[in-house]
Each structure stands twice: as C-alpha cells, then as structure tokens.
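A.B. asks: Next up, query07.pdb (PDB, C-alpha atoms, pLDDT in the B column).
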```pdb
MODEL        1
ATOM      1  CA  MET H   5      26.819 -50.564 -84.476  1.00 77.00           C
ATOM      2  CA  VAL H   6      29.364 -48.698 -82.355  1.00 81.00           C
ATOM      3  CA  HIS H   7      30.043 -44.964 -82.413  1.00 78.00           C
ATOM      4  CA  ASP H   8      33.757 -44.233 -82.725  1.00 81.00           C
ATOM      5  CA  PRO H   9      34.301 -40.664 -81.438  1.00 79.00           C
ATOM      6  CA  THR H  10      37.845 -40.561 -82.835  1.00 82.00           C
ATOM      7  CA  TYR H  11      36.567 -40.746 -86.405  1.00 83.00           C
ATOM      8  CA  ALA H  12      33.005 -39.520 -85.713  1.00 81.00           C
ATOM      9  CA  VAL H  13      31.608 -42.553 -87.504  1.00 83.00           C
ATOM     10  CA  TYR H  14      29.356 -45.515 -86.709  1.00 83.00           C
ATOM     11  CA  ILE H  15      30.932 -48.890 -87.483  1.00 83.00           C
ATOM     12  CA  PRO H  16      29.663 -52.491 -87.264  1.00 83.00           C
ATOM     13  CA  GLY H  17      31.110 -54.002 -84.105  1.00 79.00           C
ATOM     14  CA  LEU H  18      30.404 -57.660 -84.787  1.00 81.00           C
ATOM     15  CA  TYR H  19      28.626 -59.951 -87.243  1.00 81.00           C
ATOM     16  CA  MET H  20      26.848 -62.935 -85.728  1.00 82.00           C
ATOM     17  CA  LEU H  21      24.540 -65.596 -87.167  1.00 80.00           C
ATOM     18  CA  VAL H  22      21.797 -66.699 -84.767  1.00 81.00           C
ATOM     19  CA  GLU H  23      18.771 -68.968 -85.074  1.00 82.00           C
ATOM     20  CA  ALA H  24      16.466 -67.111 -82.703  1.00 83.00           C
ATOM     21  CA  LYS H  25      15.938 -63.860 -80.800  1.00 84.00           C
ATOM     22  CA  ASP H  26      15.000 -65.293 -77.431  1.00 89.00           C
ATOM     23  CA  GLU H  27      16.502 -64.411 -74.048  1.00 90.00           C
ATOM     24  CA  TRP H  28      19.104 -67.208 -74.114  1.00 90.00           C
ATOM     25  CA  THR H  29      20.317 -66.237 -77.606  1.00 91.00           C
ATOM     26  CA  ASN H  30      20.593 -62.538 -76.751  1.00 90.00           C
ATOM     27  CA  TRP H  31      22.431 -63.270 -73.506  1.00 91.00           C
ATOM     28  CA  HIS H  32      25.032 -65.480 -75.179  1.00 90.00           C
ATOM     29  CA  ALA H  33      25.409 -63.191 -78.201  1.00 90.00           C
ATOM     30  CA  LEU H  34      26.159 -60.214 -75.962  1.00 90.00           C
ATOM     31  CA  HIS H  35      28.428 -62.369 -73.808  1.00 90.00           C
ATOM     32  CA  ARG H  36      30.484 -63.165 -76.913  1.00 88.00           C
ATOM     33  CA  VAL H  37      30.763 -59.436 -77.597  1.00 86.00           C
ATOM     34  CA  ARG H  38      32.313 -58.992 -74.152  1.00 87.00           C
ATOM     35  CA  VAL H  39      34.618 -61.983 -74.551  1.00 88.00           C
ATOM     36  CA  LEU H  40      35.866 -60.881 -77.973  1.00 84.00           C
ATOM     37  CA  GLY H  41      36.447 -57.419 -76.533  1.00 78.00           C
ATOM     38  CA  LYS H  42      38.502 -59.014 -73.747  1.00 73.00           C
ATOM     39  CA  VAL H  43      35.940 -57.704 -71.252  1.00 69.00           C
ATOM     40  CA  GLN H  44      37.266 -54.185 -71.860  1.00 73.00           C
ATOM     41  CA  MET H  45      34.308 -52.839 -73.813  1.00 76.00           C
ATOM     42  CA  THR H  46      32.607 -50.280 -71.572  1.00 79.00           C
ATOM     43  CA  PRO H  47      30.112 -48.299 -73.662  1.00 82.00           C
ATOM     44  CA  ARG H  48      28.847 -45.082 -72.111  1.00 80.00           C
ATOM     45  CA  SER H  49      25.332 -45.825 -73.332  1.00 82.00           C
ATOM     46  CA  ILE H  50      23.457 -48.370 -75.437  1.00 86.00           C
ATOM     47  CA  THR H  51      20.395 -47.494 -77.516  1.00 86.00           C
ATOM     48  CA  SER H  52      18.002 -50.328 -78.330  1.00 86.00           C
ATOM     49  CA  ASP H  53      14.386 -51.005 -79.156  1.00 87.00           C
ATOM     50  CA  PHE H  54      11.974 -52.434 -76.595  1.00 90.00           C
ATOM     51  CA  GLU H  55      12.621 -56.179 -76.860  1.00 90.00           C
ATOM     52  CA  ALA H  56      12.497 -57.654 -73.359  1.00 89.00           C
ATOM     53  CA  ALA H  57      15.003 -60.426 -74.163  1.00 91.00           C
ATOM     54  CA  LEU H  58      17.503 -57.957 -75.615  1.00 90.00           C
ATOM     55  CA  ILE H  59      17.104 -55.536 -72.712  1.00 92.00           C
ATOM     56  CA  LYS H  60      17.756 -58.293 -70.158  1.00 92.00           C
ATOM     57  CA  GLY H  61      20.844 -59.412 -72.055  1.00 92.00           C
ATOM     58  CA  ILE H  62      22.236 -55.879 -72.187  1.00 91.00           C
ATOM     59  CA  ARG H  63      21.657 -55.347 -68.471  1.00 90.00           C
ATOM     60  CA  ASP H  64      23.301 -58.636 -67.573  1.00 91.00           C
ATOM     61  CA  GLN H  65      26.360 -58.209 -69.787  1.00 90.00           C
ATOM     62  CA  PHE H  66      26.931 -54.452 -69.568  1.00 90.00           C
ATOM     63  CA  GLN H  67      26.098 -53.640 -65.975  1.00 86.00           C
ATOM     64  CA  GLY H  68      26.530 -49.969 -65.185  1.00 82.00           C
ATOM     65  CA  THR H  69      26.010 -48.882 -68.804  1.00 86.00           C
ATOM     66  CA  SER H  70      23.077 -46.530 -69.449  1.00 85.00           C
ATOM     67  CA  LEU H  71      20.389 -48.251 -71.511  1.00 87.00           C
ATOM     68  CA  ILE H  72      18.285 -45.886 -73.616  1.00 87.00           C
ATOM     69  CA  GLY H  73      15.124 -47.072 -75.335  1.00 89.00           C
ATOM     70  CA  CYS H  74      14.843 -45.803 -78.902  1.00 88.00           C
ATOM     71  CA  LEU H  75      12.608 -42.698 -78.992  1.00 89.00           C
ATOM     72  CA  PHE H  76      11.378 -43.526 -82.504  1.00 89.00           C
ATOM     73  CA  HIS H  77      10.189 -47.003 -81.481  1.00 90.00           C
ATOM     74  CA  TRP H  78       8.630 -45.578 -78.296  1.00 94.00           C
ATOM     75  CA  LYS H  79       6.574 -43.059 -80.267  1.00 94.00           C
ATOM     76  CA  GLN H  80       5.784 -45.643 -82.937  1.00 94.00           C
ATOM     77  CA  ALA H  81       4.311 -48.016 -80.334  1.00 96.00           C
ATOM     78  CA  ILE H  82       2.245 -45.212 -78.818  1.00 97.00           C
ATOM     79  CA  ARG H  83       0.956 -44.054 -82.209  1.00 97.00           C
ATOM     80  CA  ARG H  84      -0.010 -47.645 -83.051  1.00 97.00           C
ATOM     81  CA  LYS H  85      -2.004 -47.933 -79.814  1.00 98.00           C
ATOM     82  CA  LEU H  86      -3.768 -44.615 -80.414  1.00 97.00           C
ATOM     83  CA  ILE H  87      -4.768 -45.831 -83.867  1.00 97.00           C
ATOM     84  CA  ASP H  88      -5.915 -49.212 -82.505  1.00 97.00           C
ATOM     85  CA  LEU H  89      -8.156 -47.394 -80.013  1.00 97.00           C
ATOM     86  CA  ARG H  90      -9.620 -45.391 -82.924  1.00 96.00           C
ATOM     87  CA  ILE H  91      -8.805 -42.037 -81.440  1.00 96.00           C
ATOM     88  CA  PRO H  92      -9.535 -39.287 -84.022  1.00 96.00           C
ATOM     89  CA  ALA H  93      -6.650 -38.623 -86.411  1.00 96.00           C
ATOM     90  CA  ASN H  94      -6.434 -34.912 -85.538  1.00 96.00           C
ATOM     91  CA  GLN H  95      -6.054 -35.754 -81.841  1.00 97.00           C
ATOM     92  CA  ILE H  96      -3.345 -38.313 -82.618  1.00 97.00           C
ATOM     93  CA  ALA H  97      -1.499 -35.702 -84.674  1.00 96.00           C
ATOM     94  CA  GLU H  98      -1.671 -33.242 -81.776  1.00 96.00           C
ATOM     95  CA  ALA H  99      -0.410 -35.811 -79.277  1.00 96.00           C
ATOM     96  CA  MET H 100       2.472 -36.920 -81.494  1.00 96.00           C
ATOM     97  CA  SER H 101       3.656 -33.378 -82.239  1.00 94.00           C
ATOM     98  CA  PRO H 102       7.094 -32.497 -80.817  1.00 90.00           C
ATOM     99  CA  GLY H 103       6.863 -31.336 -77.212  1.00 91.00           C
ATOM    100  CA  VAL H 104       3.540 -33.004 -76.434  1.00 95.00           C
ATOM    101  CA  ILE H 105       3.483 -36.702 -75.495  1.00 96.00           C
ATOM    102  CA  ASP H 106       7.250 -36.980 -75.900  1.00 94.00           C
ATOM    103  CA  VAL H 107       7.643 -34.467 -73.070  1.00 96.00           C
ATOM    104  CA  LEU H 108       7.109 -37.486 -70.817  1.00 97.00           C
ATOM    105  CA  THR H 109      10.569 -38.702 -71.854  1.00 95.00           C
ATOM    106  CA  VAL H 110      12.416 -35.649 -70.509  1.00 94.00           C
ATOM    107  CA  ILE H 111      10.594 -34.551 -67.357  1.00 96.00           C
ATOM    108  CA  PRO H 112      11.411 -35.942 -63.884  1.00 96.00           C
ATOM    109  CA  ILE H 113      10.113 -39.502 -63.600  1.00 96.00           C
ATOM    110  CA  ASP H 114       8.181 -38.762 -60.408  1.00 96.00           C
ATOM    111  CA  GLU H 115       6.196 -36.084 -62.294  1.00 96.00           C
ATOM    112  CA  ILE H 116       5.031 -38.272 -65.188  1.00 97.00           C
ATOM    113  CA  ARG H 117       1.697 -39.243 -63.631  1.00 95.00           C
ATOM    114  CA  SER H 118       1.062 -36.219 -61.427  1.00 94.00           C
ATOM    115  CA  LYS H 119       1.990 -33.446 -63.878  1.00 96.00           C
ATOM    116  CA  GLY H 120       3.174 -34.898 -67.185  1.00 96.00           C
ATOM    117  CA  ILE H 121      -0.024 -36.654 -68.227  1.00 96.00           C
ATOM    118  CA  PRO H 122      -2.264 -33.698 -67.211  1.00 96.00           C
ATOM    119  CA  TYR H 123       0.075 -31.428 -69.209  1.00 96.00           C
ATOM    120  CA  VAL H 124      -0.314 -33.577 -72.326  1.00 96.00           C
ATOM    121  CA  MET H 125      -4.085 -33.656 -71.899  1.00 95.00           C
ATOM    122  CA  SER H 126      -4.184 -29.867 -71.505  1.00 94.00           C
ATOM    123  CA  ILE H 127      -2.755 -29.554 -75.028  1.00 94.00           C
ATOM    124  CA  VAL H 128      -4.668 -32.276 -76.860  1.00 95.00           C
ATOM    125  CA  ASN H 129      -8.300 -31.626 -77.742  1.00 92.00           C
ATOM    126  CA  THR H 130     -10.028 -34.789 -76.512  1.00 93.00           C
ATOM    127  CA  LYS H 131     -13.553 -33.707 -77.453  1.00 93.00           C
ATOM    128  CA  GLY H 132     -15.733 -36.732 -78.147  1.00 93.00           C
ATOM    129  CA  ALA H 133     -13.011 -39.189 -77.138  1.00 94.00           C
ATOM    130  CA  ALA H 134     -12.425 -38.598 -73.419  1.00 94.00           C
ATOM    131  CA  ARG H 135     -13.273 -42.194 -72.460  1.00 95.00           C
ATOM    132  CA  ILE H 136     -10.979 -43.604 -75.129  1.00 96.00           C
ATOM    133  CA  TRP H 137      -8.144 -41.409 -73.880  1.00 97.00           C
ATOM    134  CA  ALA H 138      -8.765 -42.765 -70.373  1.00 96.00           C
ATOM    135  CA  SER H 139      -8.314 -46.265 -71.826  1.00 97.00           C
ATOM    136  CA  PHE H 140      -5.112 -45.149 -73.508  1.00 97.00           C
ATOM    137  CA  TRP H 141      -3.645 -43.847 -70.255  1.00 97.00           C
ATOM    138  CA  ASP H 142      -4.548 -47.151 -68.560  1.00 97.00           C
ATOM    139  CA  TYR H 143      -2.524 -48.869 -71.292  1.00 97.00           C
ATOM    140  CA  PHE H 144       0.286 -46.338 -70.886  1.00 97.00           C
ATOM    141  CA  VAL H 145       0.603 -47.015 -67.154  1.00 97.00           C
ATOM    142  CA  ARG H 146       0.522 -50.800 -67.660  1.00 97.00           C
ATOM    143  CA  THR H 147       3.020 -50.782 -70.504  1.00 97.00           C
ATOM    144  CA  TRP H 148       5.297 -47.770 -70.087  1.00 97.00           C
ATOM    145  CA  MET H 149       5.274 -47.391 -66.321  1.00 96.00           C
ATOM    146  CA  THR H 150       5.354 -51.098 -65.402  1.00 95.00           C
ATOM    147  CA  MET H 151       6.362 -53.472 -68.209  1.00 94.00           C
ATOM    148  CA  PHE H 152       8.939 -51.033 -69.618  1.00 94.00           C
ATOM    149  CA  PRO H 153       9.632 -48.658 -66.693  1.00 94.00           C
ATOM    150  CA  PRO H 154      10.524 -45.006 -67.319  1.00 96.00           C
ATOM    151  CA  SER H 155      14.176 -45.668 -66.534  1.00 92.00           C
ATOM    152  CA  LEU H 156      14.317 -47.275 -70.002  1.00 92.00           C
ATOM    153  CA  TRP H 157      12.913 -44.355 -71.998  1.00 94.00           C
ATOM    154  CA  ASN H 158      13.041 -41.256 -69.803  1.00 94.00           C
ATOM    155  CA  ILE H 159      16.340 -39.351 -70.041  1.00 90.00           C
ATOM    156  CA  ASN H 160      15.783 -36.660 -67.398  1.00 92.00           C
ATOM    157  CA  THR H 161      18.926 -37.860 -65.592  1.00 87.00           C
ATOM    158  CA  TYR H 162      20.975 -36.696 -68.574  1.00 82.00           C
ATOM    159  CA  ILE H 163      19.396 -33.247 -68.341  1.00 82.00           C
ATOM    160  CA  GLU H 164      19.951 -32.925 -64.597  1.00 83.00           C
ATOM    161  CA  GLN H 165      23.591 -33.994 -64.915  1.00 77.00           C
ATOM    162  CA  GLU H 166      24.106 -31.875 -68.059  1.00 68.00           C
ATOM    163  CA  MET H 167      25.351 -34.924 -69.943  1.00 67.00           C
ATOM    164  CA  GLU H 168      25.668 -35.021 -73.724  1.00 64.00           C
ATOM    165  CA  MET H 169      23.744 -37.766 -75.492  1.00 63.00           C
ATOM    166  CA  GLN H 170      25.007 -39.009 -78.839  1.00 59.00           C
ATOM    167  CA  ASN H 171      21.760 -40.557 -79.997  1.00 61.00           C
ATOM    168  CA  ARG H 172      18.187 -41.167 -78.811  1.00 62.00           C
ATOM    169  CA  ILE H 173      17.223 -43.295 -81.786  1.00 61.00           C
ATOM    170  CA  ASN H 174      18.865 -46.313 -83.362  1.00 61.00           C
ATOM    171  CA  ASN H 175      18.814 -44.907 -86.899  1.00 64.00           C
ATOM    172  CA  PRO H 176      22.472 -45.830 -87.563  1.00 66.00           C
ATOM    173  CA  ILE H 177      21.799 -49.538 -87.107  1.00 68.00           C
ATOM    174  CA  GLU H 178      18.440 -49.380 -88.898  1.00 69.00           C
ATOM    175  CA  SER H 179      20.185 -47.715 -91.825  1.00 73.00           C
ATOM    176  CA  TYR H 180      22.939 -50.307 -91.798  1.00 75.00           C
ATOM    177  CA  ASN H 181      20.400 -53.135 -91.550  1.00 77.00           C
ATOM    178  CA  ARG H 182      18.876 -51.987 -94.835  1.00 79.00           C
ATOM    179  CA  ARG H 183      22.316 -51.965 -96.424  1.00 79.00           C
ATOM    180  CA  ALA H 184      23.203 -55.362 -94.936  1.00 80.00           C
ATOM    181  CA  LYS H 185      19.999 -56.996 -96.176  1.00 81.00           C
ATOM    182  CA  LYS H 186      20.844 -55.798 -99.650  1.00 83.00           C
ATOM    183  CA  ALA H 187      24.465 -56.993 -99.392  1.00 81.00           C
ATOM    184  CA  PHE H 188      23.919 -60.334 -97.651  1.00 83.00           C
ATOM    185  CA  GLY H 189      20.540 -61.286 -99.110  1.00 81.00           C
ATOM    186  CA  SER H 190      17.612 -62.854 -97.275  1.00 77.00           C
ATOM    187  CA  HIS H 191      19.029 -66.342 -96.661  1.00 80.00           C
ATOM    188  CA  PRO H 192      22.782 -66.327 -97.304  1.00 82.00           C
ATOM    189  CA  THR H 193      24.821 -69.511 -97.127  1.00 85.00           C
ATOM    190  CA  LEU H 194      27.563 -69.606 -94.521  1.00 87.00           C
ATOM    191  CA  VAL H 195      30.197 -69.028 -97.210  1.00 90.00           C
ATOM    192  CA  VAL H 196      28.344 -66.025 -98.640  1.00 87.00           C
ATOM    193  CA  PHE H 197      27.851 -64.597 -95.136  1.00 87.00           C
ATOM    194  CA  VAL H 198      31.538 -64.889 -94.239  1.00 89.00           C
ATOM    195  CA  GLU H 199      32.776 -63.487 -97.554  1.00 90.00           C
ATOM    196  CA  GLN H 200      30.357 -60.564 -97.419  1.00 88.00           C
ATOM    197  CA  ALA H 201      31.338 -59.838 -93.800  1.00 88.00           C
ATOM    198  CA  LYS H 202      34.961 -59.679 -94.938  1.00 90.00           C
ATOM    199  CA  GLU H 203      34.031 -57.223 -97.694  1.00 90.00           C
ATOM    200  CA  GLU H 204      32.130 -55.035 -95.237  1.00 87.00           C
ATOM    201  CA  ALA H 205      35.054 -55.069 -92.782  1.00 88.00           C
ATOM    202  CA  LYS H 206      37.436 -54.121 -95.579  1.00 91.00           C
ATOM    203  CA  ARG H 207      35.149 -51.272 -96.643  1.00 89.00           C
ATOM    204  CA  TYR H 208      35.040 -49.825 -93.133  1.00 87.00           C
ATOM    205  CA  LEU H 209      38.790 -50.192 -92.597  1.00 89.00           C
ATOM    206  CA  GLU H 210      39.361 -48.273 -95.819  1.00 92.00           C
ATOM    207  CA  LEU H 211      36.897 -45.620 -94.679  1.00 89.00           C
ATOM    208  CA  LEU H 212      38.680 -45.153 -91.326  1.00 90.00           C
ATOM    209  CA  ASP H 213      42.053 -45.032 -93.058  1.00 91.00           C
ATOM    210  CA  ASP H 214      40.813 -42.440 -95.552  1.00 90.00           C
ATOM    211  CA  ILE H 215      39.377 -40.302 -92.752  1.00 89.00           C
ATOM    212  CA  SER H 216      42.617 -40.458 -90.753  1.00 89.00           C
ATOM    213  CA  MET H 217      44.616 -39.482 -93.864  1.00 88.00           C
ATOM    214  CA  ARG H 218      42.094 -36.723 -94.685  1.00 88.00           C
ATOM    215  CA  ARG H 219      41.242 -38.222 -98.035  1.00 90.00           C
ATOM    216  CA  ARG H 220      37.585 -38.398 -96.976  1.00 88.00           C
ATOM    217  CA  VAL H 221      35.355 -36.905 -94.329  1.00 85.00           C
ATOM    218  CA  ALA H 222      33.136 -38.886 -91.981  1.00 81.00           C
ATOM    219  CA  PRO H 223      29.654 -39.635 -93.367  1.00 77.00           C
ATOM    220  CA  PRO H 224      27.046 -37.202 -92.033  1.00 70.00           C
ATOM    221  CA  HIS H 225      24.893 -38.297 -89.126  1.00 66.00           C
ATOM    222  CA  ALA H 226      22.789 -36.624 -86.478  1.00 60.00           C
ATOM    223  CA  ASP H 227      24.531 -34.201 -84.146  1.00 59.00           C
ATOM    224  CA  PRO H 228      24.563 -34.998 -80.411  1.00 60.00           C
ATOM    225  CA  VAL H 229      21.107 -34.520 -78.945  1.00 62.00           C
ATOM    226  CA  THR H 230      20.338 -31.236 -77.167  1.00 66.00           C
ATOM    227  CA  LEU H 231      18.220 -32.097 -74.145  1.00 74.00           C
ATOM    228  CA  SER H 232      15.838 -29.689 -72.444  1.00 82.00           C
ATOM    229  CA  ILE H 233      12.438 -29.464 -70.789  1.00 89.00           C
ATOM    230  CA  PRO H 234       9.962 -27.190 -72.630  1.00 90.00           C
ATOM    231  CA  PRO H 235       9.360 -23.896 -70.778  1.00 92.00           C
ATOM    232  CA  ALA H 236       5.608 -24.408 -71.271  1.00 93.00           C
ATOM    233  CA  TYR H 237       5.797 -27.567 -69.180  1.00 94.00           C
ATOM    234  CA  THR H 238       7.786 -25.845 -66.432  1.00 92.00           C
ATOM    235  CA  ALA H 239       5.162 -23.091 -66.255  1.00 94.00           C
ATOM    236  CA  PHE H 240       2.234 -25.530 -66.276  1.00 93.00           C
ATOM    237  CA  ARG H 241       0.254 -25.911 -63.074  1.00 90.00           C
ATOM    238  CA  THR H 242      -1.824 -29.019 -62.526  1.00 82.00           C
ATOM    239  CA  PRO H 243      -5.481 -28.069 -62.019  1.00 76.00           C
ATOM    240  CA  LYS H 244      -6.621 -28.670 -58.459  1.00 71.00           C
ATOM    241  CA  ARG H 245      -9.476 -31.098 -58.015  1.00 62.00           C
ATOM    242  CA  ARG H 246     -12.665 -29.552 -56.773  1.00 51.00           C
ATOM    243  CA  LYS H 247     -13.917 -30.840 -53.443  1.00 49.00           C
ATOM    244  CA  VAL H 248     -17.391 -32.311 -53.639  1.00 42.00           C
ATOM    245  CA  LYS H 249     -19.670 -31.131 -50.871  1.00 49.00           C
ATOM    246  CA  LYS H 250     -21.538 -33.920 -49.138  1.00 45.00           C
TER     247      LYS H 250
ENDMDL
END
```
How does the structure come out when it is put into structure tokens?
C.D. replies:
Amino acid sequence: MVHDPTYAVYIPGLYMLVEAKDEWTNWHALHRVRVLGKVQMTPRSITSDFEAALIKGIRDQFQGTSLIGCLFHWKQAIRRKLIDLRIPANQIAEAMSPGVIDVLTVIPIDEIRSKGIPYVMSIVNTKGAARIWASFWDYFVRTWMTMFPPSLWNINTYIEQEMEMQNRINNPIESYNRRAKKAFGSHPTLVVFVEQAKEEAKRYLELLDDISMRRRVAPPHADPVTLSIPPAYTAFRTPKRRKVKK
C-alpha cells in the first residue's frame, strides 16, 4: 500500500503472486517494484513488520529510505514474550500501557539501556516476579537491541528533526489484506487473480477520480503521528548504585 498525499488516501501499489516469502523472493519482488516505477519511486518512509527477509529486501532496493518497524507488531511480540514467561497479568498490563514500555521507541537510542529500561521498571510493579523480568530484559537485549536493532523501531530521530510521520503501524495494509482475502479467495486461479486485480484497480481509479471531482471524500484513516517524549521520562533520574564496602 502506498500513501498518496495528493488525495490523502492509501492505494495498492502492485499485485504480485509469489510462491514463498524468503529473502530471494522478497528481494526480486521489491526489485520489480523499482523497475515498474522506472527507478523513480523514492518513498520517504516504509513501514513493515519484523520479517528479516523483507527488511533486507527493503534496505537493498530502497537505500536511503527510512524503514520503520510496525509499532503494533513490536508491542505484540513483546506481549507474547511476557505471557510466555508467565509474568503476572497485572504487570503485563502495566508494562503495555501507553507511555511505559513503548517509551523505549521514542527516547534517544543511547539511553535505552542506561535510562529507558530503569524508567520502565520504576513504573511496573515487579513484586514476586523480579527474576522473570530479568529474563525478559535478557531476551529484549538479544532480540530488540541485536537481532532487530533500535534503528528499526526507535523513531527518536524523527522527534529530534521535528519530522512528521504519517504512520507507525501498518494498519492500512492489514485492513486491505482482509479485504483482498475476501475478494480473491484463499487459492485463486491465475485467471481469477488477474480479473479481480483489474476490478480492484478500477475501483481505486474511480475513487481517485471521485475525490478529485469532489463527488466523494477520502476514506478516513489515522492522522499523522504526533511524536513526543513523555515529560515523566525526561524528569526521571536513574537511581545510583550503592557502593559495597569491602
């Protein structure tokens, strides 16, 4: 899906049948996007989920474009891990509340370990589960500081440069995927796929024409994201470690 600022609408950019989702397939699929766009497609940012093969393909084909990991999928993966570790439900709810663990996505990257994690732990009541939380943070460092580095999911650069962000989640494509599954079916034949793609293209062309002629308004979608660091985090001071006397 591509956001067209002229019409303020998300539109399908390309339909493509593939047999796999591996690195080779993603690379060539995205390469075809560039070729069909005559190598003139220069998106300001791309929002995706955390599939390593897809991320590599995006970086190879759209060098210089900001890649933003979907906030919803980031929080979903973290919630799933907290549940797997059997952390109490009330503590999970506290951690997943707005402005708690997701603060790690907006603060300076070099503060995530030194100040961000202590800030989160100062809010969440870890009574009876301190060791499990230590295991969680080990996982967090392995997964979200190494395997998927903060540059993929932390958007502090946008805040520092006062840049507007259109979207932090890939809801538009998830929404369209639900519609497409209904329209195309689970296992469409090639003929059905092509004919349905034509119908979808026709529908969107009519939508854009109606919007330009003021017969219709653009479908509602989320406003551009307002980015900020919570004042409570700015005021937070990391507790100093006590020196142990020998």
A.B. asks: Just give me the gap between atom CA of H:Ala93 and atom CA of H:Trp141 in Å, one decimal is fine.
C.D. replies: 17.2 Å
A.B. asks: When the PyMOL selection byres ((chain H and resi 30) around 9) is applied to the file above, which residues end up in the set, as a ChimeraX atom specification?
C.D. replies: /H:24-29,31-35,57-62
A.B. asks: Selected by the PyMOL selection byres ((chain H and resi 111) around 12) in the shown coordinates: which residues, as a PyMOL selection string?
C.D. replies: chain H and resi 103-110+112-121+123+154-155+157-164+231-238
A.B. asks: Go through H:Phe54, H:Tyr14, H:Tyr180, H:Phe66 one by one, measure the shortest atom-to-atom distance of each to H:Arg36 using all atoms listed in the file, and give the residue with the smallest value.
C.D. replies: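 The answer is H:Phe66, which sits nearest to H:Arg36.
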A.B. asks: Could you check how far atom CA of H:Ala222 sits from atom CA of H:Arg38, in Å to one decimal?
C.D. replies: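 About the pair atom CA of H:Ala222 and atom CA of H:Arg38: they are 26.9 Å apart.
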A.B. asks: Could you work out how far atom CA of H:Ile87 lies from atom CA of H:Thr130, giving the answer in Å with one decimal?
C.D. replies: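 Answer for the atom CA of H:Thr130 to atom CA of H:Ile87 separation: 14.3 Å.
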A.B. asks: Restricting the calculation to all atoms listed in the file, which member of H:Ala133, H:Ala187, H:Met151, H:Val221 is positioned closest to H:Lys202?
C.D. replies: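 Closest to H:Lys202, using all atoms listed in the file: H:Ala187.
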A.B. asks: Set the distance at 10 Å and use all atoms listed in the file: which residues neighbour H:Ala97 once local chain neighbours fewer than 4 positions away are removed? I'd like the list as a list in words.
C.D. replies: Arg83, Pro92, Ala93, Ser101, Pro102 and Val128 of chain H
A.B. asks: Just the residues within 9 Å of H:Phe140, please, counting all atoms listed in the file, with nothing from its chain fewer than 4 positions along; format it as a PyMOL selection string.
C.D. replies: chain H and resi 85-86+89+135-136+144-145
A.B. asks: Restricting the output to C-alpha atoms, write the selected residues as an mmCIF file, in the frame of the given file.
C.D. replies:
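Output file out_21.cif is given in full below:
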```cif
data_model
loop_
_atom_site.group_PDB
_atom_site.id
_atom_site.type_symbol
_atom_site.label_atom_id
_atom_site.label_comp_id
_atom_site.auth_asym_id
_atom_site.auth_seq_id
_atom_site.Cartn_x
_atom_site.Cartn_y
_atom_site.Cartn_z
ATOM 1 C CA LYS H 85 -2.004 -47.933 -79.814
ATOM 2 C CA LEU H 86 -3.768 -44.615 -80.414
ATOM 3 C CA LEU H 89 -8.156 -47.394 -80.013
ATOM 4 C CA ARG H 135 -13.273 -42.194 -72.460
ATOM 5 C CA ILE H 136 -10.979 -43.604 -75.129
ATOM 6 C CA PHE H 144 0.286 -46.338 -70.886
ATOM 7 C CA VAL H 145 0.603 -47.015 -67.154
#
```
A.B. asks: Between H:Ser190, H:Tyr11, H:Ile127, H:Val6, single out the one closest to H:Asp214, counting all atoms listed in the file.
C.D. replies: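 Under the stated criterion, the closest residue is H:Tyr11.
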A.B. asks: Rank H:Val124, H:Met20, H:Met5, H:Ile15 by their smallest atom-to-atom distance to H:Pro223, using all atoms listed in the file, and report the top residue only.
C.D. replies: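 Of H:Val124, H:Met20, H:Met5, H:Ile15, the one nearest H:Pro223, counting all atoms listed in the file, is H:Ile15.
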A.B. asks: Just the residues within 12 Å of H:Leu194, please, counting all atoms listed in the file, with nothing from its chain fewer than 6 positions along; format it as a short mmCIF file (atom, residue, chain, number, x, y, z; two decimals) with C-alpha atoms, in the coordinates of the input.
C.D. replies:
```cif
data_model
loop_
_atom_site.label_atom_id
_atom_site.label_comp_id
_atom_site.auth_asym_id
_atom_site.auth_seq_id
_atom_site.Cartn_x
_atom_site.Cartn_y
_atom_site.Cartn_z
CA MET H 20 26.85 -62.94 -85.73
CA LEU H 21 24.54 -65.60 -87.17
CA VAL H 22 21.80 -66.70 -84.77
CA PHE H 188 23.92 -60.33 -97.65
CA GLN H 200 30.36 -60.56 -97.42
CA ALA H 201 31.34 -59.84 -93.80
#
```
A.B. asks: At a cut-off of 12 Å, using all atoms listed in the file, what residues contact H:Glu203? Leave out same-chain residues fewer than 5 positions from it and give the result as a PyMOL selection string.
C.D. replies: chain H and resi 184+187-188+196-198+208-210
A.B. asks: Pick the closest to H:Pro47 from H:Cys74, H:Phe240, H:Arg84, H:Pro9: which is it, counting only C-alpha atoms?
C.D. replies: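 Comparing H:Cys74, H:Phe240, H:Arg84, H:Pro9 against H:Pro47, the winner is H:Pro9.
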A.B. asks: Can you write stretch 68-78 of chain H from the block above with N, CA and C atoms, as a compact mmCIF listing (two decimals), in the first residue's frame?
C.D. replies:
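part-v2.txt, freshly written:
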```
# COMPACT_ATOMS: atom_id res chain seq x y z
N GLY H 68 18.50 4.52 1.54
CA GLY H 68 18.28 5.92 1.87
C GLY H 68 16.87 6.20 2.36
N THR H 69 15.95 5.24 2.19
CA THR H 69 14.58 5.41 2.68
C THR H 69 14.50 4.96 4.13
N SER H 70 13.82 5.73 4.97
CA SER H 70 13.66 5.36 6.38
C SER H 70 12.77 4.13 6.49
N LEU H 71 13.25 3.13 7.21
CA LEU H 71 12.48 1.91 7.44
C LEU H 71 11.98 1.92 8.88
N ILE H 72 10.67 1.84 9.05
CA ILE H 72 10.06 1.93 10.38
C ILE H 72 9.35 0.62 10.68
N GLY H 73 9.79 -0.06 11.74
CA GLY H 73 9.12 -1.28 12.16
C GLY H 73 7.76 -0.95 12.75
N CYS H 74 6.77 -1.74 12.42
CA CYS H 74 5.40 -1.50 12.88
C CYS H 74 5.30 -1.56 14.40
N LEU H 75 4.82 -0.48 15.02
CA LEU H 75 4.71 -0.41 16.48
C LEU H 75 3.79 -1.49 17.01
N PHE H 76 2.69 -1.75 16.31
CA PHE H 76 1.73 -2.77 16.77
C PHE H 76 2.40 -4.14 16.84
N HIS H 77 3.15 -4.52 15.80
CA HIS H 77 3.81 -5.82 15.81
C HIS H 77 4.93 -5.88 16.84
N TRP H 78 5.59 -4.75 17.08
CA TRP H 78 6.63 -4.68 18.11
C TRP H 78 6.04 -4.97 19.49
```
